[in-house]
Amino acid sequence: MLMKKGSREALAQAEDYLAEIRSLAVKPFTIMEVCGTHTVAIAKHALRELLPPTVRLISGPGCPVCVTDSSDIDRYLFLAAQPKVITTTFGDMIRVPGSEKNLQALRAEGADVRVVYSTQDALEVARKNPDKEVVFLGVGFETTAPTVAVSLETARREGLNNYSVLSMHKIVPPVLRLLAEDPKLDIDAFLDPGHVCAIIGLKPLEFMAQEFGKPGVVTGFEALDILEAIAMLLRQRSERRANIEIQYHQVVRAEGNPHAQRAVERVFKPVDASWRGMGLIPGSGLEIRAEFGPWDAVRKFSLPQFYSPDTPGCQCGEVLKGRIDPPQCSLFGKRCTPLKPVGPCMVSSEGSCAAYYRYSQRSDD
């Protein structure tokens with residue numbers, strides 16, 4: 001049971017978990033978290049500093065904004081600049097840099113770019129502006145895909161033909177396979193994403209334990225959740241087993257959310273997709289099915305493909321693969337800061353570089 005932050009009970013529980021971790025971490029153990037919210041929580045609560053030196057936490061490709069390929073960014077900037085187009089997006093996409101500018105700069109030049117809090121807000125913009133084309137930028141993992149799917153079904157049902165989605169969604173299991181197969185990485189275990197697994201359940205991740213012997217724990221986002229999950233992973237090693245387990249029982253069930261899964265299957269199909277710094281990963285993206293073609297921005301606007309290189313000097317790709325920590329990038333804290341970000345890992349509130357920059361400053365002051 002989770003306690004209130006700062007309570008004596010919570011502090012005692014944290015000490016218990018840390019004592020167990022210290023007793024079990026008799027040899028090096030590297031854990032990758034693959035959720036941006038975990039990345040922020042780990043940095044915010046200084047969990048790396050609390051853990052014994054034998055336990056290393058590294059950040060992975062857990063931020064959907066950060067893994068959006070440079071070519072996709074330039075593609076949606078091209079679309080947003082078109083006349084009579086209203087671009088609707090979540091706020092974390094506004095400042096992500098493309099090859100030449102970002103959505104914020106386009107808005108300053110007169111483009112109609114609006115921040116929304118849900119796909120329902122985007123649908124309402126389309127209802128109120130029948131003479132404009134309203135495009136929602138579909139960026140996210142399995143967590144956001146169901147709500148986007150429902151919005152497309154709603155648009156079709158209502159005959160809302162001026163609404164469309166540019167799907168840039170990513171799927172988590174294929175990138176985990178890529179990481180597990182990477183000979184340059186030596187990852188012992190994974191902190192699996194709670195929100196994603198609330199949708200997909202455990203089965204899509206079980207190959208990590210069965211094929212690669214990499215245990216995983218689906219965990220929540222409080223400091224106690226993460227400490228408990230680390231202890232659970234170390235218990236698995238001490239017992240010489242590899243399983244995908246749930247710590248986040250309040251939200252995650254083994255079967256996931258079948259209703260959300262069916263909504264995604266009705267509207268989307270898996271396709272190969274490009275990830276920033278990682279290249280093309282088979283079956284890692286979601287494309288809108290042909291029957292929803294009138295609401296697919298790619299088809300509606302006959303969007304061209306862009307082939308944009310990543311920003312010179314930016315090592316977001318290496319950070320996302322867990323090969324380096326953010327401060328090891330030569331731009332970190334110098335040319336690249338939250339006020340003047342060079343790459344998306346510094347732009348997004350859940351980006352590894354932004355988390356390191358924001359919270360590492362405490363110990364430097």
# chains A, B, ... in the order shown; residues from 1 in each chain; ligands from 1

call {"tool": "closest_atom_pairs", "arguments": {"of": "region 43-84 of chain A", "to": "region 156-172 of chain A", "cutoff": "8 Å", "atoms": "only C-alpha atoms", "output": "tab-separated table"}}
result
residue	atom	partner	partner_atom	distance
A:Pro64	CA	A:Lys170	CA	7.3
A:Thr68	CA	A:Met168	CA	7.3
A:Asp72	CA	A:Met168	CA	7.4
A:Tyr76	CA	A:Leu166	CA	7.7

call {"tool": "write_last_selection", "arguments": {"atoms": "all heavy atoms", "output": "PDB file, in the first residue's frame"}}
result
ATOM      1  N   PRO A  64       7.658   9.543 -25.876  1.00  0.00           N
ATOM      2  CA  PRO A  64       7.224   9.503 -27.279  1.00  0.00           C
ATOM      3  C   PRO A  64       7.619  10.727 -28.087  1.00  0.00           C
ATOM      4  O   PRO A  64       7.866  10.623 -29.291  1.00  0.00           O
ATOM      5  CB  PRO A  64       5.699   9.370 -27.177  1.00  0.00           C
ATOM      6  CG  PRO A  64       5.352   9.832 -25.805  1.00  0.00           C
ATOM      7  CD  PRO A  64       6.533   9.489 -24.937  1.00  0.00           C
ATOM      8  N   THR A  68      10.245  10.600 -31.619  1.00  0.00           N
ATOM      9  CA  THR A  68       9.676  10.985 -32.909  1.00  0.00           C
ATOM     10  C   THR A  68      10.798  11.381 -33.859  1.00  0.00           C
ATOM     11  O   THR A  68      11.622  12.242 -33.555  1.00  0.00           O
ATOM     12  CB  THR A  68       8.691  12.157 -32.741  1.00  0.00           C
ATOM     13  OG1 THR A  68       7.623  11.755 -31.864  1.00  0.00           O
ATOM     14  CG2 THR A  68       8.087  12.567 -34.085  1.00  0.00           C
ATOM     15  N   ASP A  72       9.610  12.917 -39.371  1.00  0.00           N
ATOM     16  CA  ASP A  72       8.202  13.093 -39.011  1.00  0.00           C
ATOM     17  C   ASP A  72       7.931  14.495 -38.490  1.00  0.00           C
ATOM     18  O   ASP A  72       6.858  15.060 -38.717  1.00  0.00           O
ATOM     19  CB  ASP A  72       7.800  12.054 -37.955  1.00  0.00           C
ATOM     20  CG  ASP A  72       7.713  10.649 -38.521  1.00  0.00           C
ATOM     21  OD1 ASP A  72       7.396  10.520 -39.717  1.00  0.00           O
ATOM     22  OD2 ASP A  72       7.969   9.682 -37.776  1.00  0.00           O
ATOM     23  N   TYR A  76       5.149  17.114 -40.145  1.00  0.00           N
ATOM     24  CA  TYR A  76       3.998  17.794 -39.560  1.00  0.00           C
ATOM     25  C   TYR A  76       4.161  19.308 -39.574  1.00  0.00           C
ATOM     26  O   TYR A  76       3.174  20.043 -39.618  1.00  0.00           O
ATOM     27  CB  TYR A  76       3.639  17.243 -38.184  1.00  0.00           C
ATOM     28  CG  TYR A  76       4.530  17.547 -37.005  1.00  0.00           C
ATOM     29  CD1 TYR A  76       4.727  18.859 -36.547  1.00  0.00           C
ATOM     30  CD2 TYR A  76       5.117  16.515 -36.282  1.00  0.00           C
ATOM     31  CE1 TYR A  76       5.518  19.120 -35.440  1.00  0.00           C
ATOM     32  CE2 TYR A  76       5.904  16.768 -35.168  1.00  0.00           C
ATOM     33  CZ  TYR A  76       6.096  18.082 -34.753  1.00  0.00           C
ATOM     34  OH  TYR A  76       6.864  18.331 -33.644  1.00  0.00           O
TER      35      TYR A  76
END

call {"tool": "residues_around", "arguments": {"residues": "Leu176 (chain A)", "least_positions_apart": "2", "cutoff": "12 Å", "atoms": "only C-alpha atoms", "output": "mmCIF file with N, CA, C and O atoms, in the first residue's frame"}}
result
data_model
loop_
_atom_site.group_PDB
_atom_site.id
_atom_site.type_symbol
_atom_site.label_atom_id
_atom_site.label_comp_id
_atom_site.auth_asym_id
_atom_site.auth_seq_id
_atom_site.Cartn_x
_atom_site.Cartn_y
_atom_site.Cartn_z
ATOM 1 N N MET A 32 17.144 -0.708 -16.907
ATOM 2 C CA MET A 32 16.687 0.374 -17.784
ATOM 3 C C MET A 32 15.212 0.644 -17.541
ATOM 4 O O MET A 32 14.396 -0.278 -17.518
ATOM 5 N N GLU A 33 14.875 1.930 -17.354
ATOM 6 C CA GLU A 33 13.449 2.291 -17.332
ATOM 7 C C GLU A 33 13.053 2.769 -18.716
ATOM 8 O O GLU A 33 13.818 3.478 -19.380
ATOM 9 N N VAL A 34 11.884 2.329 -19.168
ATOM 10 C CA VAL A 34 11.438 2.666 -20.521
ATOM 11 C C VAL A 34 10.137 3.463 -20.455
ATOM 12 O O VAL A 34 9.221 3.269 -21.240
ATOM 13 N N CYS A 35 10.090 4.397 -19.521
ATOM 14 C CA CYS A 35 8.941 5.292 -19.406
ATOM 15 C C CYS A 35 9.469 6.657 -18.995
ATOM 16 O O CYS A 35 10.246 6.762 -18.032
ATOM 17 N N GLY A 60 15.833 4.817 -21.038
ATOM 18 C CA GLY A 60 15.648 4.289 -22.384
ATOM 19 C C GLY A 60 14.698 5.150 -23.194
ATOM 20 O O GLY A 60 14.436 6.307 -22.851
ATOM 21 N N PRO A 61 14.149 4.588 -24.265
ATOM 22 C CA PRO A 61 13.299 5.352 -25.188
ATOM 23 C C PRO A 61 11.865 5.466 -24.686
ATOM 24 O O PRO A 61 10.922 5.034 -25.335
ATOM 25 N N GLY A 62 11.696 6.058 -23.491
ATOM 26 C CA GLY A 62 10.380 6.079 -22.868
ATOM 27 C C GLY A 62 9.573 7.333 -23.088
ATOM 28 O O GLY A 62 8.478 7.476 -22.546
ATOM 29 N N LYS A 170 3.908 5.053 -31.671
ATOM 30 C CA LYS A 170 4.925 4.018 -31.557
ATOM 31 C C LYS A 170 4.439 2.908 -30.628
ATOM 32 O O LYS A 170 3.621 3.136 -29.732
ATOM 33 N N ILE A 171 4.962 1.692 -30.850
ATOM 34 C CA ILE A 171 4.628 0.513 -30.050
ATOM 35 C C ILE A 171 5.871 0.103 -29.267
ATOM 36 O O ILE A 171 6.965 0.018 -29.827
ATOM 37 N N VAL A 172 5.704 -0.173 -27.978
ATOM 38 C CA VAL A 172 6.848 -0.413 -27.097
ATOM 39 C C VAL A 172 7.544 -1.766 -27.293
ATOM 40 O O VAL A 172 8.783 -1.817 -27.355
ATOM 41 N N PRO A 173 6.833 -2.906 -27.387
ATOM 42 C CA PRO A 173 7.547 -4.195 -27.431
ATOM 43 C C PRO A 173 8.630 -4.315 -28.501
ATOM 44 O O PRO A 173 9.718 -4.846 -28.206
ATOM 45 N N PRO A 174 8.423 -3.839 -29.742
ATOM 46 C CA PRO A 174 9.496 -3.984 -30.734
ATOM 47 C C PRO A 174 10.795 -3.273 -30.364
ATOM 48 O O PRO A 174 11.893 -3.764 -30.673
ATOM 49 N N LEU A 178 14.726 -4.716 -29.722
ATOM 50 C CA LEU A 178 15.933 -4.098 -30.280
ATOM 51 C C LEU A 178 16.972 -3.863 -29.186
ATOM 52 O O LEU A 178 18.163 -4.138 -29.371
ATOM 53 N N LEU A 179 16.529 -3.368 -28.041
ATOM 54 C CA LEU A 179 17.448 -3.104 -26.934
ATOM 55 C C LEU A 179 18.041 -4.400 -26.385
ATOM 56 O O LEU A 179 19.225 -4.469 -26.067
ATOM 57 N N ALA A 180 17.202 -5.425 -26.278
ATOM 58 C CA ALA A 180 17.673 -6.710 -25.756
ATOM 59 C C ALA A 180 18.706 -7.344 -26.681
ATOM 60 O O ALA A 180 19.609 -8.060 -26.222
ATOM 61 N N GLU A 181 18.592 -7.083 -27.975
ATOM 62 C CA GLU A 181 19.510 -7.668 -28.954
ATOM 63 C C GLU A 181 20.761 -6.837 -29.177
ATOM 64 O O GLU A 181 21.687 -7.286 -29.860
ATOM 65 N N ASP A 182 20.818 -5.625 -28.605
ATOM 66 C CA ASP A 182 21.935 -4.719 -28.848
ATOM 67 C C ASP A 182 23.185 -5.223 -28.115
ATOM 68 O O ASP A 182 23.228 -5.251 -26.881
ATOM 69 N N LEU A 185 24.836 -2.979 -25.366
ATOM 70 C CA LEU A 185 24.165 -2.738 -24.093
ATOM 71 C C LEU A 185 24.252 -3.977 -23.223
ATOM 72 O O LEU A 185 24.140 -5.092 -23.707
ATOM 73 N N ILE A 187 22.164 -4.808 -20.305
ATOM 74 C CA ILE A 187 21.036 -4.528 -19.418
ATOM 75 C C ILE A 187 20.596 -5.833 -18.762
ATOM 76 O O ILE A 187 20.361 -6.837 -19.434
ATOM 77 N N ALA A 189 17.862 -5.962 -16.477
ATOM 78 C CA ALA A 189 16.433 -5.998 -16.191
ATOM 79 C C ALA A 189 15.791 -4.684 -16.616
ATOM 80 O O ALA A 189 16.492 -3.692 -16.911
ATOM 81 N N PHE A 190 14.462 -4.651 -16.627
ATOM 82 C CA PHE A 190 13.722 -3.481 -17.091
ATOM 83 C C PHE A 190 12.643 -3.079 -16.094
ATOM 84 O O PHE A 190 11.951 -3.936 -15.528
ATOM 85 N N LEU A 191 12.520 -1.767 -15.897
ATOM 86 C CA LEU A 191 11.337 -1.208 -15.263
ATOM 87 C C LEU A 191 10.354 -0.934 -16.390
ATOM 88 O O LEU A 191 10.573 -0.048 -17.226
ATOM 89 N N ASP A 192 9.276 -1.704 -16.434
ATOM 90 C CA ASP A 192 8.337 -1.603 -17.547
ATOM 91 C C ASP A 192 7.281 -0.528 -17.291
ATOM 92 O O ASP A 192 6.922 -0.252 -16.142
ATOM 93 N N PRO A 193 6.770 0.073 -18.365
ATOM 94 C CA PRO A 193 5.897 1.255 -18.231
ATOM 95 C C PRO A 193 4.494 0.920 -17.735
ATOM 96 O O PRO A 193 3.771 0.137 -18.344
ATOM 97 N N PRO A 204 2.435 -9.145 -24.234
ATOM 98 C CA PRO A 204 3.351 -8.640 -25.276
ATOM 99 C C PRO A 204 4.792 -8.447 -24.799
ATOM 100 O O PRO A 204 5.685 -8.286 -25.632
ATOM 101 N N LEU A 205 5.013 -8.457 -23.477
ATOM 102 C CA LEU A 205 6.362 -8.257 -22.957
ATOM 103 C C LEU A 205 7.029 -9.546 -22.496
ATOM 104 O O LEU A 205 8.218 -9.558 -22.171
ATOM 105 N N GLU A 206 6.287 -10.629 -22.458
ATOM 106 C CA GLU A 206 6.819 -11.868 -21.886
ATOM 107 C C GLU A 206 8.000 -12.435 -22.662
ATOM 108 O O GLU A 206 8.822 -13.168 -22.104
ATOM 109 N N PHE A 207 8.122 -12.087 -23.943
ATOM 110 C CA PHE A 207 9.255 -12.579 -24.732
ATOM 111 C C PHE A 207 10.580 -12.105 -24.141
ATOM 112 O O PHE A 207 11.616 -12.766 -24.297
ATOM 113 N N MET A 208 10.568 -10.956 -23.460
ATOM 114 C CA MET A 208 11.809 -10.444 -22.883
ATOM 115 C C MET A 208 12.380 -11.409 -21.853
ATOM 116 O O MET A 208 13.593 -11.625 -21.786
ATOM 117 N N ALA A 209 11.506 -11.994 -21.059
ATOM 118 C CA ALA A 209 11.945 -12.961 -20.053
ATOM 119 C C ALA A 209 12.197 -14.325 -20.671
ATOM 120 O O ALA A 209 13.193 -14.991 -20.371
ATOM 121 N N GLU A 211 12.732 -15.262 -23.988
ATOM 122 C CA GLU A 211 13.762 -15.380 -25.025
ATOM 123 C C GLU A 211 15.125 -14.836 -24.595
ATOM 124 O O GLU A 211 16.166 -15.353 -25.010
ATOM 125 N N PHE A 212 15.103 -13.780 -23.781
ATOM 126 C CA PHE A 212 16.354 -13.095 -23.456
ATOM 127 C C PHE A 212 16.746 -13.221 -21.987
ATOM 128 O O PHE A 212 17.822 -12.766 -21.599
ATOM 129 N N LYS A 214 15.526 -11.599 -19.535
ATOM 130 C CA LYS A 214 15.539 -10.266 -18.936
ATOM 131 C C LYS A 214 14.260 -10.073 -18.118
ATOM 132 O O LYS A 214 13.173 -9.939 -18.669
ATOM 133 N N GLY A 216 11.374 -8.219 -15.871
ATOM 134 C CA GLY A 216 10.782 -6.892 -15.894
ATOM 135 C C GLY A 216 9.744 -6.765 -14.802
ATOM 136 O O GLY A 216 9.096 -7.747 -14.429
ATOM 137 N N MET A 278 17.492 5.532 -33.769
ATOM 138 C CA MET A 278 17.443 4.078 -33.788
ATOM 139 C C MET A 278 17.139 3.512 -35.159
ATOM 140 O O MET A 278 17.300 2.316 -35.390
ATOM 141 N N ILE A 281 12.381 0.426 -37.192
ATOM 142 C CA ILE A 281 12.151 -0.738 -36.334
ATOM 143 C C ILE A 281 10.900 -1.450 -36.835
ATOM 144 O O ILE A 281 9.814 -0.862 -36.882
ATOM 145 N N PRO A 282 11.016 -2.705 -37.251
ATOM 146 C CA PRO A 282 9.870 -3.431 -37.808
ATOM 147 C C PRO A 282 8.689 -3.501 -36.829
ATOM 148 O O PRO A 282 8.869 -3.764 -35.640
ATOM 149 N N SER A 284 6.822 -1.368 -35.389
ATOM 150 C CA SER A 284 6.853 -0.530 -34.190
ATOM 151 C C SER A 284 5.981 0.724 -34.290
ATOM 152 O O SER A 284 6.006 1.561 -33.382
ATOM 153 N N LEU A 320 18.707 7.831 -25.812
ATOM 154 C CA LEU A 320 17.495 7.016 -25.857
ATOM 155 C C LEU A 320 17.805 5.529 -25.869
ATOM 156 O O LEU A 320 16.996 4.717 -25.402
ATOM 157 N N LYS A 321 18.957 5.164 -26.387
ATOM 158 C CA LYS A 321 19.354 3.757 -26.404
ATOM 159 C C LYS A 321 20.073 3.342 -25.122
ATOM 160 O O LYS A 321 20.448 2.182 -24.962
ATOM 161 N N GLY A 322 20.263 4.285 -24.212
ATOM 162 C CA GLY A 322 20.918 3.968 -22.964
ATOM 163 C C GLY A 322 22.417 3.810 -23.071
ATOM 164 O O GLY A 322 23.067 3.324 -22.141
#

call {"tool": "residues_around", "arguments": {"residues": "region 221-229 of chain A", "least_positions_apart": "2", "cutoff": "7 Å", "atoms": "only C-alpha atoms", "output": "CSV table (one decimal) with C-alpha atoms, in the first residue's frame"}}
result
chain,number,residue,atom,x,y,z
A,14,ALA,CA,11.7,3.3,1.7
A,17,TYR,CA,13.3,-1.4,0.4
A,37,THR,CA,7.5,9.5,-16.2
A,38,HIS,CA,9.8,7.0,-14.5
A,41,ALA,CA,10.5,10.5,-10.9
A,45,HIS,CA,13.6,11.9,-5.9
A,217,VAL,CA,8.5,-5.3,-13.3
A,219,THR,CA,5.7,-0.3,-11.8
A,231,ALA,CA,13.8,-4.9,-5.0
A,232,MET,CA,11.5,-7.2,-6.9
A,233,LEU,CA,13.9,-7.4,-9.8
A,247,GLN,CA,4.1,-3.9,-8.9

call {"tool": "select_by_dssp", "arguments": {"residues": "region 258-320 of chain A", "states": "helix (DSSP H, G or I)", "output": "list in words"}}
result
Pro258, His259, Ala260, Gln261, Arg262, Ala263, Val264, Glu265, Arg266, Val267, Ala290, Glu291, Phe292, Gly293, Pro294, Trp295, Ala297, Val298, Arg299, Lys300, Cys316, Gly317, Glu318, Val319 and Leu320 of chain A

call {"tool": "write_last_selection", "arguments": {"atoms": "N, CA, C and O atoms", "output": "mmCIF file, in the first residue's frame"}}
result
data_model
loop_
_atom_site.group_PDB
_atom_site.id
_atom_site.type_symbol
_atom_site.label_atom_id
_atom_site.label_comp_id
_atom_site.auth_asym_id
_atom_site.auth_seq_id
_atom_site.Cartn_x
_atom_site.Cartn_y
_atom_site.Cartn_z
ATOM 1 N N PRO A 258 -8.866 -4.900 -22.519
ATOM 2 C CA PRO A 258 -9.318 -5.468 -23.803
ATOM 3 C C PRO A 258 -10.131 -4.493 -24.640
ATOM 4 O O PRO A 258 -10.050 -4.521 -25.879
ATOM 5 N N HIS A 259 -10.926 -3.632 -24.005
ATOM 6 C CA HIS A 259 -11.736 -2.664 -24.771
ATOM 7 C C HIS A 259 -10.830 -1.699 -25.535
ATOM 8 O O HIS A 259 -11.067 -1.412 -26.714
ATOM 9 N N ALA A 260 -9.785 -1.205 -24.863
ATOM 10 C CA ALA A 260 -8.849 -0.293 -25.523
ATOM 11 C C ALA A 260 -8.086 -1.015 -26.626
ATOM 12 O O ALA A 260 -7.855 -0.460 -27.707
ATOM 13 N N GLN A 261 -7.697 -2.253 -26.376
ATOM 14 C CA GLN A 261 -6.985 -3.034 -27.383
ATOM 15 C C GLN A 261 -7.828 -3.205 -28.646
ATOM 16 O O GLN A 261 -7.327 -3.062 -29.769
ATOM 17 N N ARG A 262 -9.103 -3.502 -28.465
ATOM 18 C CA ARG A 262 -9.982 -3.695 -29.638
ATOM 19 C C ARG A 262 -10.172 -2.397 -30.407
ATOM 20 O O ARG A 262 -10.245 -2.405 -31.651
ATOM 21 N N ALA A 263 -10.265 -1.276 -29.694
ATOM 22 C CA ALA A 263 -10.409 0.018 -30.371
ATOM 23 C C ALA A 263 -9.197 0.296 -31.260
ATOM 24 O O ALA A 263 -9.334 0.735 -32.410
ATOM 25 N N VAL A 264 -8.007 0.021 -30.743
ATOM 26 C CA VAL A 264 -6.792 0.234 -31.530
ATOM 27 C C VAL A 264 -6.761 -0.694 -32.739
ATOM 28 O O VAL A 264 -6.421 -0.270 -33.858
ATOM 29 N N GLU A 265 -7.134 -1.944 -32.552
ATOM 30 C CA GLU A 265 -7.120 -2.914 -33.652
ATOM 31 C C GLU A 265 -8.118 -2.552 -34.744
ATOM 32 O O GLU A 265 -7.872 -2.808 -35.927
ATOM 33 N N ARG A 266 -9.248 -1.956 -34.362
ATOM 34 C CA ARG A 266 -10.251 -1.573 -35.372
ATOM 35 C C ARG A 266 -9.744 -0.454 -36.274
ATOM 36 O O ARG A 266 -10.095 -0.394 -37.451
ATOM 37 N N VAL A 267 -8.940 0.438 -35.726
ATOM 38 C CA VAL A 267 -8.575 1.667 -36.442
ATOM 39 C C VAL A 267 -7.160 1.629 -37.016
ATOM 40 O O VAL A 267 -6.903 2.177 -38.087
ATOM 41 N N ALA A 290 -7.199 1.538 -43.983
ATOM 42 C CA ALA A 290 -7.746 2.132 -45.209
ATOM 43 C C ALA A 290 -9.188 2.579 -45.047
ATOM 44 O O ALA A 290 -9.597 3.594 -45.620
ATOM 45 N N GLU A 291 -9.977 1.851 -44.251
ATOM 46 C CA GLU A 291 -11.384 2.217 -44.093
ATOM 47 C C GLU A 291 -11.569 3.550 -43.371
ATOM 48 O O GLU A 291 -12.650 4.141 -43.396
ATOM 49 N N PHE A 292 -10.506 4.018 -42.722
ATOM 50 C CA PHE A 292 -10.552 5.349 -42.103
ATOM 51 C C PHE A 292 -9.720 6.340 -42.913
ATOM 52 O O PHE A 292 -9.337 7.395 -42.395
ATOM 53 N N GLY A 293 -9.470 6.009 -44.175
ATOM 54 C CA GLY A 293 -8.656 6.853 -45.038
ATOM 55 C C GLY A 293 -9.079 8.308 -45.113
ATOM 56 O O GLY A 293 -8.224 9.201 -45.118
ATOM 57 N N PRO A 294 -10.397 8.620 -45.172
ATOM 58 C CA PRO A 294 -10.812 10.025 -45.242
ATOM 59 C C PRO A 294 -10.396 10.850 -44.032
ATOM 60 O O PRO A 294 -10.421 12.084 -44.091
ATOM 61 N N TRP A 295 -10.022 10.180 -42.948
ATOM 62 C CA TRP A 295 -9.629 10.881 -41.723
ATOM 63 C C TRP A 295 -8.138 10.690 -41.424
ATOM 64 O O TRP A 295 -7.684 10.986 -40.332
ATOM 65 N N ALA A 297 -4.555 11.971 -42.223
ATOM 66 C CA ALA A 297 -3.941 13.176 -42.784
ATOM 67 C C ALA A 297 -2.948 12.853 -43.886
ATOM 68 O O ALA A 297 -2.800 13.622 -44.843
ATOM 69 N N VAL A 298 -2.255 11.719 -43.795
ATOM 70 C CA VAL A 298 -1.290 11.345 -44.835
ATOM 71 C C VAL A 298 -1.992 11.191 -46.168
ATOM 72 O O VAL A 298 -1.530 11.698 -47.204
ATOM 73 N N ARG A 299 -3.127 10.480 -46.166
ATOM 74 C CA ARG A 299 -3.874 10.265 -47.409
ATOM 75 C C ARG A 299 -4.608 11.535 -47.835
ATOM 76 O O ARG A 299 -4.612 11.905 -49.013
ATOM 77 N N LYS A 300 -5.232 12.204 -46.893
ATOM 78 C CA LYS A 300 -6.052 13.374 -47.229
ATOM 79 C C LYS A 300 -5.227 14.471 -47.899
ATOM 80 O O LYS A 300 -5.672 15.103 -48.872
ATOM 81 N N CYS A 316 20.766 12.697 -28.798
ATOM 82 C CA CYS A 316 19.529 12.156 -28.247
ATOM 83 C C CYS A 316 19.396 10.655 -28.536
ATOM 84 O O CYS A 316 18.936 9.889 -27.683
ATOM 85 N N GLY A 317 19.792 10.255 -29.731
ATOM 86 C CA GLY A 317 19.674 8.846 -30.097
ATOM 87 C C GLY A 317 20.467 7.945 -29.177
ATOM 88 O O GLY A 317 19.987 6.879 -28.761
ATOM 89 N N GLU A 318 21.682 8.357 -28.828
ATOM 90 C CA GLU A 318 22.511 7.556 -27.932
ATOM 91 C C GLU A 318 21.941 7.544 -26.512
ATOM 92 O O GLU A 318 22.021 6.542 -25.809
ATOM 93 N N VAL A 319 21.363 8.666 -26.109
ATOM 94 C CA VAL A 319 20.714 8.735 -24.792
ATOM 95 C C VAL A 319 19.508 7.808 -24.749
ATOM 96 O O VAL A 319 19.313 7.047 -23.790
ATOM 97 N N LEU A 320 18.707 7.831 -25.812
ATOM 98 C CA LEU A 320 17.495 7.016 -25.857
ATOM 99 C C LEU A 320 17.805 5.529 -25.869
ATOM 100 O O LEU A 320 16.996 4.717 -25.402
#

call {"tool": "residues_around", "arguments": {"residues": "Phe90 (chain A)", "least_positions_apart": "4", "cutoff": "7 Å", "atoms": "only C-alpha atoms", "output": "ChimeraX atom specification"}}
result
/A:115-117

call {"tool": "closest_residue", "arguments": {"among": "A:Arg335, A:Glu287, A:Leu152, A:Asp325", "to": "Gly313 (chain A)", "atoms": "only C-alpha atoms"}}
result
A:Arg335

call {"tool": "atom_distance", "arguments": {"atom1": "CA of Gly194 (chain A)", "atom2": "CA of Leu123 (chain A)"}}
result
27.6 Å

call {"tool": "atom_distance", "arguments": {"atom1": "CA of Lys334 (chain A)", "atom2": "CA of Arg107 (chain A)"}}
result
27.1 Å

call {"tool": "atom_distance", "arguments": {"atom1": "CA of Cys197 (chain A)", "atom2": "CA of Ser238 (chain A)"}}
result
25.2 Å

call {"tool": "residues_around", "arguments": {"residues": "Ala111 (chain A)", "least_positions_apart": "3", "cutoff": "7 Å", "atoms": "only C-alpha atoms", "output": "list of chain:residue names"}}
result
A:Ala80, A:Ala81, A:Leu106, A:Arg107

call {"tool": "write_last_selection", "arguments": {"atoms": "all heavy atoms", "output": "PDB file, in the first residue's frame"}}
result
ATOM      1  N   ALA A  80       1.394  21.818 -40.996  1.00  0.00           N
ATOM      2  CA  ALA A  80       0.886  22.917 -40.181  1.00  0.00           C
ATOM      3  C   ALA A  80       0.985  24.261 -40.894  1.00  0.00           C
ATOM      4  O   ALA A  80       0.225  25.192 -40.583  1.00  0.00           O
ATOM      5  CB  ALA A  80       1.653  22.980 -38.863  1.00  0.00           C
ATOM      6  N   ALA A  81       1.908  24.370 -41.843  1.00  0.00           N
ATOM      7  CA  ALA A  81       2.092  25.634 -42.569  1.00  0.00           C
ATOM      8  C   ALA A  81       1.107  25.809 -43.720  1.00  0.00           C
ATOM      9  O   ALA A  81       1.065  26.878 -44.341  1.00  0.00           O
ATOM     10  CB  ALA A  81       3.525  25.703 -43.099  1.00  0.00           C
ATOM     11  N   LEU A 106       6.116  28.634 -36.155  1.00  0.00           N
ATOM     12  CA  LEU A 106       5.075  28.698 -37.188  1.00  0.00           C
ATOM     13  C   LEU A 106       3.869  29.494 -36.707  1.00  0.00           C
ATOM     14  O   LEU A 106       3.275  30.271 -37.461  1.00  0.00           O
ATOM     15  CB  LEU A 106       4.636  27.289 -37.585  1.00  0.00           C
ATOM     16  CG  LEU A 106       5.530  26.520 -38.560  1.00  0.00           C
ATOM     17  CD1 LEU A 106       4.940  25.139 -38.826  1.00  0.00           C
ATOM     18  CD2 LEU A 106       5.689  27.275 -39.879  1.00  0.00           C
ATOM     19  N   ARG A 107       3.497  29.288 -35.450  1.00  0.00           N
ATOM     20  CA  ARG A 107       2.354  30.022 -34.903  1.00  0.00           C
ATOM     21  C   ARG A 107       2.637  31.523 -34.884  1.00  0.00           C
ATOM     22  O   ARG A 107       1.759  32.338 -35.180  1.00  0.00           O
ATOM     23  CB  ARG A 107       2.029  29.506 -33.499  1.00  0.00           C
ATOM     24  CG  ARG A 107       0.779  30.131 -32.903  1.00  0.00           C
ATOM     25  CD  ARG A 107       0.232  29.305 -31.749  1.00  0.00           C
ATOM     26  NE  ARG A 107       1.167  29.197 -30.647  1.00  0.00           N
ATOM     27  CZ  ARG A 107       0.894  28.532 -29.531  1.00  0.00           C
ATOM     28  NH1 ARG A 107      -0.275  27.907 -29.378  1.00  0.00           N
ATOM     29  NH2 ARG A 107       1.787  28.463 -28.560  1.00  0.00           N
TER      30      ARG A 107
END

call {"tool": "select_by_dssp", "arguments": {"residues": "region 64-273 of chain A", "states": "strand (DSSP E or B)", "output": "ChimeraX atom specification"}}
result
/A:68,85-89,112-115,133-138,163-167,170,189-193,216-219,244-246,268-273

call {"tool": "closest_residue", "arguments": {"among": "A:Gln315, A:Asn129, A:Thr30, A:Ser118", "to": "Lys84 (chain A)", "atoms": "only C-alpha atoms"}}
result
A:Asn129

call {"tool": "residues_around", "arguments": {"residues": "Pro327 (chain A)", "least_positions_apart": "3", "cutoff": "9 Å", "atoms": "only C-alpha atoms", "output": "list in words"}}
result
Ile324, Ser330, Leu331, Phe332, Gly333, Cys353, Tyr356 and Tyr357 of chain A
